[in-house]
Amino acid sequence: MDKVRVAFIGAGGHARGVHYPSLVEMEDVEIAAVCELSPERLKAAQETYHIARGYTDYKKMVEEVAPDAVYLIAPPHHMVEPAIGLLNMKQNLFIEKPPGVCTEQTRNLARLAEKNGCLTMVGFNRRFIPVLVQARNLVEERSPISQCTALFMKHHLGGGPYYGGVVDILTCDAIHAVDTLRWLGGEVLMLSSCVDRFFEDYPNAFNALMRFREGGVGLLICNWAAGKRVHTFEIHGYGISAFVDPDTFGAHIFKDNEEAPLTITAEQAAGSAARHRTYGFFGENRHFIDCIREKRQPDTHLADAVKTMELVDRIYRCTFPSVGTR
């Protein structure tokens with residue numbers, strides 16, 4: 001194909017902040033149409049990104065435009081019905097995380113995608129953060145990863161449950177840290193966890209110690225009652241350690257007890273200071289488009305996302321008893 005023709009369902013802040021900007025930078029992609037219920041957002045997307053065709057009915061859009069793939073960017077509880085419709089129309093699909101408010105929804109979408117031969121991708125963008133990818137590669141050049149940590153903190157006090165209680169924090173948002181640990185360490189053989197309620201009446205802190213099947217160890221640390229948003233990673237191997245913070249310094253790589261680290265900034269790794277590039281959104285979109293062109297499943301396809309959702313379930317199931325709200 002000369003250009004990959006994509007259509008969008010959704011023109012909200014996240015879609016317009018990272019997905020549209022990523023795709024318009026790709027010369028081999030055409031955004032052929034957009035579907036959006038809000039007239040204001042629909043008009044803004046069409047005018048900003050020069051999209052000729054706008055719709056409020058996604059099925060009509062797909063029938064008339066016949067895109068190579070559809071992007072479904074919406075809150076999790078709004079995505080399942082159109083995702084089912086799109087997969088039944090045999091559409092290749094990019095869907096934001098989480099691809100369902102529970103594992104069973106994700107599992108059913110994965111079954112439907114396989115039945116209809118659809119290429120699918122879930123938006124776990126941390127796997128595509130350039131500085132994190134480079135840090136992981138440098139460690140794995142030396143040895144398998146022996147230990148890894150994903151820390152995710154946010155200040156959400158008083159914010160209430162997500163979407164009024166439709167979906168929990170771990171499944172909806174902290175799942176990014178869970179999925180990154182799977183990507184770094186592999187499948188989880190055993191785990192122990194603590195799920196807590198700090199200063200709120202719903203779960204907002206999640207800690208887990210994991211033993212990966214290949215022998216490494218992973219540590220999850222998440223707390224939505226923290227002082228501010230901090231999202232960092234550690235990757236350790238034989239005589240090498242990578243400390244990664246894509247929001248600030250990038251990555252410090254220490255080798256063989258040397259005092260001075262190799263430092264790679266997020267901007268250096270991405271070749272840009274734009275957030276959609278430094279934080280992996282361009283990379284995940286590029287991966288999806290390449291997979292559509294080459295007719296192969298993306299790395300974060302729906303069946304793989306089921307494994308991350310199942311790991312979220314295990315974190316809840318294997319927790320020590322709570323001692324109460326702090």
# chains A, B, ... in the order shown; residues from 1 in each chain; ligands from 1

$ select_by_dssp --residues "stretch 76-136 of chain A" --states "strand (DSSP E or B)" --output "list in words"
Leu93, Phe94, Ile95, Thr120, Met121 and Val122 of chain A

$ select_by_dssp --residues "stretch 233-292 of chain A" --states "helix (DSSP H, G or I)" --output "ChimeraX atom specification"
/A:266-270,275-278,281-292

$ write_last_selection --atoms "C-alpha atoms" --output "PDB file, in the first residue's frame"
ATOM      1  CA  ALA A 266      14.944  11.720  26.806  1.00  0.00           C
ATOM      2  CA  GLU A 267      15.401  14.292  24.056  1.00  0.00           C
ATOM      3  CA  GLN A 268      18.612  12.703  22.806  1.00  0.00           C
ATOM      4  CA  ALA A 269      17.032   9.276  22.678  1.00  0.00           C
ATOM      5  CA  ALA A 270      13.936  10.524  20.853  1.00  0.00           C
ATOM      6  CA  ARG A 275       6.354  14.885  24.382  1.00  0.00           C
ATOM      7  CA  HIS A 276       4.587  12.615  21.942  1.00  0.00           C
ATOM      8  CA  ARG A 277       8.064  11.548  20.827  1.00  0.00           C
ATOM      9  CA  THR A 278       9.935  11.438  24.152  1.00  0.00           C
ATOM     10  CA  PHE A 281       3.521   7.751  21.637  1.00  0.00           C
ATOM     11  CA  PHE A 282       5.177   8.309  18.280  1.00  0.00           C
ATOM     12  CA  GLY A 283       6.983   4.996  18.663  1.00  0.00           C
ATOM     13  CA  GLU A 284       3.860   3.005  19.434  1.00  0.00           C
ATOM     14  CA  ASN A 285       2.026   4.578  16.506  1.00  0.00           C
ATOM     15  CA  ARG A 286       4.941   3.906  14.188  1.00  0.00           C
ATOM     16  CA  HIS A 287       4.982   0.272  15.327  1.00  0.00           C
ATOM     17  CA  PHE A 288       1.253  -0.096  14.654  1.00  0.00           C
ATOM     18  CA  ILE A 289       1.475   1.437  11.189  1.00  0.00           C
ATOM     19  CA  ASP A 290       4.467  -0.753  10.280  1.00  0.00           C
ATOM     20  CA  CYS A 291       2.563  -3.837  11.428  1.00  0.00           C
ATOM     21  CA  ILE A 292      -0.443  -2.879   9.298  1.00  0.00           C
TER      22      ILE A 292
END

$ atom_distance --atom1 "atom CA of A:Tyr20" --atom2 "atom CA of A:Tyr49"
7.4 Å

$ closest_residue --among "A:Pro98, A:Gly215, A:Pro130, A:Gly185" --to "A:Val312" --atoms "only C-alpha atoms"
A:Pro98

$ residues_around --residues "stretch 76-82 of chain A" --least-positions-apart "6" --cutoff "9 Å" --atoms "only C-alpha atoms" --output "list in words"
Ile9, Tyr58, Lys59, Ile95, Glu96, Lys97, Pro98, Pro99, Gly100, Val101, Gln105, Thr106, Leu109, Tyr163, Val166, Val167 and Cys172 of chain A

$ closest_atom_pairs --of "stretch 127-167 of chain A" --to "stretch 188-197 of chain A" --cutoff "12 Å" --atoms "only C-alpha atoms" --output "Markdown table"
| residue | atom | partner | partner_atom | distance |
| --- | --- | --- | --- | --- |
| A:Leu157 | CA | A:Arg197 | CA | 11.1 |
| A:Gly160 | CA | A:Arg197 | CA | 12.0 |
| A:Pro161 | CA | A:Arg197 | CA | 11.6 |

$ closest_residue --among "A:Pro203, A:Gly237, A:Thr265, A:Gly250" --to "A:Ser322" --atoms "only C-alpha atoms"
A:Pro203

$ residues_around --residues "A:Gly186" --least-positions-apart "4" --cutoff "9 Å" --atoms "only C-alpha atoms" --output "PDB file with C-alpha atoms, in the first residue's frame"
ATOM      1  CA  LEU A 181       7.397  -4.948  34.309  1.00  0.00           C
ATOM      2  CA  ARG A 182       6.060  -7.737  32.079  1.00  0.00           C
ATOM      3  CA  PHE A 212       9.662 -13.931  36.650  1.00  0.00           C
ATOM      4  CA  ARG A 213       9.679 -17.284  34.909  1.00  0.00           C
ATOM      5  CA  GLU A 214      13.186 -16.635  33.565  1.00  0.00           C
ATOM      6  CA  GLY A 216      14.553 -12.283  37.505  1.00  0.00           C
TER       7      GLY A 216
END

$ closest_residue --among "A:Ala174, A:Ala83, A:Ala251, A:Val244" --to "A:Ile221" --atoms "only C-alpha atoms"
A:Ala174

$ closest_residue --among "A:Thr56, A:Glu30, A:His19, A:Glu25" --to "A:Lys43" --atoms "only C-alpha atoms"
A:Thr56

$ residues_around --residues "A:Val306" --least-positions-apart "2" --cutoff "7 Å" --atoms "only C-alpha atoms" --output "PDB file with C-alpha atoms, in the first residue's frame"
ATOM      1  CA  THR A 103     -10.105  -8.968  32.121  1.00  0.00           C
ATOM      2  CA  THR A 106     -10.388  -7.860  27.142  1.00  0.00           C
ATOM      3  CA  ARG A 107     -10.363 -11.638  26.746  1.00  0.00           C
ATOM      4  CA  LEU A 302      -5.158  -7.806  22.509  1.00  0.00           C
ATOM      5  CA  ALA A 303      -4.148 -11.358  23.445  1.00  0.00           C
ATOM      6  CA  ASP A 304      -0.941 -10.015  24.996  1.00  0.00           C
ATOM      7  CA  THR A 308      -1.296  -7.815  31.645  1.00  0.00           C
ATOM      8  CA  MET A 309      -4.924  -7.650  32.763  1.00  0.00           C
ATOM      9  CA  GLU A 310      -4.578 -11.094  34.344  1.00  0.00           C
TER      10      GLU A 310
END

$ closest_residue --among "A:Val217, A:Ala208, A:Ala44, A:Leu132" --to "A:Pro144" --atoms "only C-alpha atoms"
A:Val217

$ atom_distance --atom1 "atom CA of A:Ala113" --atom2 "atom CA of A:Leu72"
14.4 Å

$ residues_around --residues "A:Gly12" --least-positions-apart "2" --cutoff "12 Å" --atoms "only C-alpha atoms" --output "PyMOL selection string"
chain A and resi 8-10+14-20+34-45+72-75

$ closest_residue --among "A:Asn204, A:Ser241, A:Ser22, A:Thr48" --to "A:Gly159" --atoms "only C-alpha atoms"
A:Asn204

$ decode --residues "stretch 251-271 of chain A" --atoms "N, CA and C atoms" --output "PDB file, in the first residue's frame"
ATOM      1  N   ALA A 251      18.070   8.884  31.395  1.00  0.00           N
ATOM      2  CA  ALA A 251      18.603   7.626  31.934  1.00  0.00           C
ATOM      3  C   ALA A 251      20.044   7.810  32.375  1.00  0.00           C
ATOM      4  N   HIS A 252      20.371   7.267  33.556  1.00  0.00           N
ATOM      5  CA  HIS A 252      21.760   7.155  34.025  1.00  0.00           C
ATOM      6  C   HIS A 252      22.121   5.672  33.983  1.00  0.00           C
ATOM      7  N   ILE A 253      23.177   5.329  33.272  1.00  0.00           N
ATOM      8  CA  ILE A 253      23.627   3.951  33.146  1.00  0.00           C
ATOM      9  C   ILE A 253      24.964   3.816  33.869  1.00  0.00           C
ATOM     10  N   PHE A 254      24.999   2.997  34.909  1.00  0.00           N
ATOM     11  CA  PHE A 254      26.229   2.760  35.665  1.00  0.00           C
ATOM     12  C   PHE A 254      26.767   1.377  35.324  1.00  0.00           C
ATOM     13  N   LYS A 255      28.110   1.310  35.084  1.00  0.00           N
ATOM     14  CA  LYS A 255      28.750   0.039  34.754  1.00  0.00           C
ATOM     15  C   LYS A 255      29.971  -0.184  35.637  1.00  0.00           C
ATOM     16  N   ASP A 256      30.126  -1.391  36.154  1.00  0.00           N
ATOM     17  CA  ASP A 256      31.364  -1.861  36.788  1.00  0.00           C
ATOM     18  C   ASP A 256      31.897  -0.916  37.849  1.00  0.00           C
ATOM     19  N   ASN A 257      31.003  -0.348  38.647  1.00  0.00           N
ATOM     20  CA  ASN A 257      31.372   0.487  39.783  1.00  0.00           C
ATOM     21  C   ASN A 257      32.031   1.807  39.387  1.00  0.00           C
ATOM     22  N   GLU A 258      31.871   2.212  38.143  1.00  0.00           N
ATOM     23  CA  GLU A 258      32.425   3.505  37.723  1.00  0.00           C
ATOM     24  C   GLU A 258      31.609   4.633  38.349  1.00  0.00           C
ATOM     25  N   GLU A 259      32.285   5.714  38.710  1.00  0.00           N
ATOM     26  CA  GLU A 259      31.613   6.819  39.379  1.00  0.00           C
ATOM     27  C   GLU A 259      30.687   7.582  38.443  1.00  0.00           C
ATOM     28  N   ALA A 260      31.153   7.857  37.251  1.00  0.00           N
ATOM     29  CA  ALA A 260      30.377   8.683  36.320  1.00  0.00           C
ATOM     30  C   ALA A 260      29.496   7.806  35.439  1.00  0.00           C
ATOM     31  N   PRO A 261      28.220   8.095  35.400  1.00  0.00           N
ATOM     32  CA  PRO A 261      27.335   7.284  34.567  1.00  0.00           C
ATOM     33  C   PRO A 261      27.344   7.749  33.113  1.00  0.00           C
ATOM     34  N   LEU A 262      26.914   6.876  32.257  1.00  0.00           N
ATOM     35  CA  LEU A 262      26.527   7.277  30.917  1.00  0.00           C
ATOM     36  C   LEU A 262      25.131   7.864  31.028  1.00  0.00           C
ATOM     37  N   THR A 263      24.962   9.106  30.610  1.00  0.00           N
ATOM     38  CA  THR A 263      23.667   9.767  30.697  1.00  0.00           C
ATOM     39  C   THR A 263      23.088   9.952  29.305  1.00  0.00           C
ATOM     40  N   ILE A 264      21.851   9.531  29.145  1.00  0.00           N
ATOM     41  CA  ILE A 264      21.117   9.707  27.898  1.00  0.00           C
ATOM     42  C   ILE A 264      19.855  10.490  28.229  1.00  0.00           C
ATOM     43  N   THR A 265      19.690  11.658  27.657  1.00  0.00           N
ATOM     44  CA  THR A 265      18.477  12.422  27.932  1.00  0.00           C
ATOM     45  C   THR A 265      17.329  11.871  27.086  1.00  0.00           C
ATOM     46  N   ALA A 266      16.124  12.157  27.552  1.00  0.00           N
ATOM     47  CA  ALA A 266      14.944  11.720  26.806  1.00  0.00           C
ATOM     48  C   ALA A 266      14.921  12.346  25.419  1.00  0.00           C
ATOM     49  N   GLU A 267      15.385  13.592  25.333  1.00  0.00           N
ATOM     50  CA  GLU A 267      15.401  14.292  24.056  1.00  0.00           C
ATOM     51  C   GLU A 267      16.440  13.696  23.104  1.00  0.00           C
ATOM     52  N   GLN A 268      17.596  13.339  23.644  1.00  0.00           N
ATOM     53  CA  GLN A 268      18.612  12.703  22.806  1.00  0.00           C
ATOM     54  C   GLN A 268      18.114  11.369  22.253  1.00  0.00           C
ATOM     55  N   ALA A 269      17.501  10.590  23.101  1.00  0.00           N
ATOM     56  CA  ALA A 269      17.032   9.276  22.678  1.00  0.00           C
ATOM     57  C   ALA A 269      15.943   9.383  21.622  1.00  0.00           C
ATOM     58  N   ALA A 270      15.068  10.379  21.771  1.00  0.00           N
ATOM     59  CA  ALA A 270      13.936  10.524  20.853  1.00  0.00           C
ATOM     60  C   ALA A 270      14.269  11.350  19.627  1.00  0.00           C
ATOM     61  N   GLY A 271      15.376  12.107  19.688  1.00  0.00           N
ATOM     62  CA  GLY A 271      15.699  13.014  18.596  1.00  0.00           C
ATOM     63  C   GLY A 271      14.732  14.178  18.507  1.00  0.00           C
TER      64      GLY A 271
END
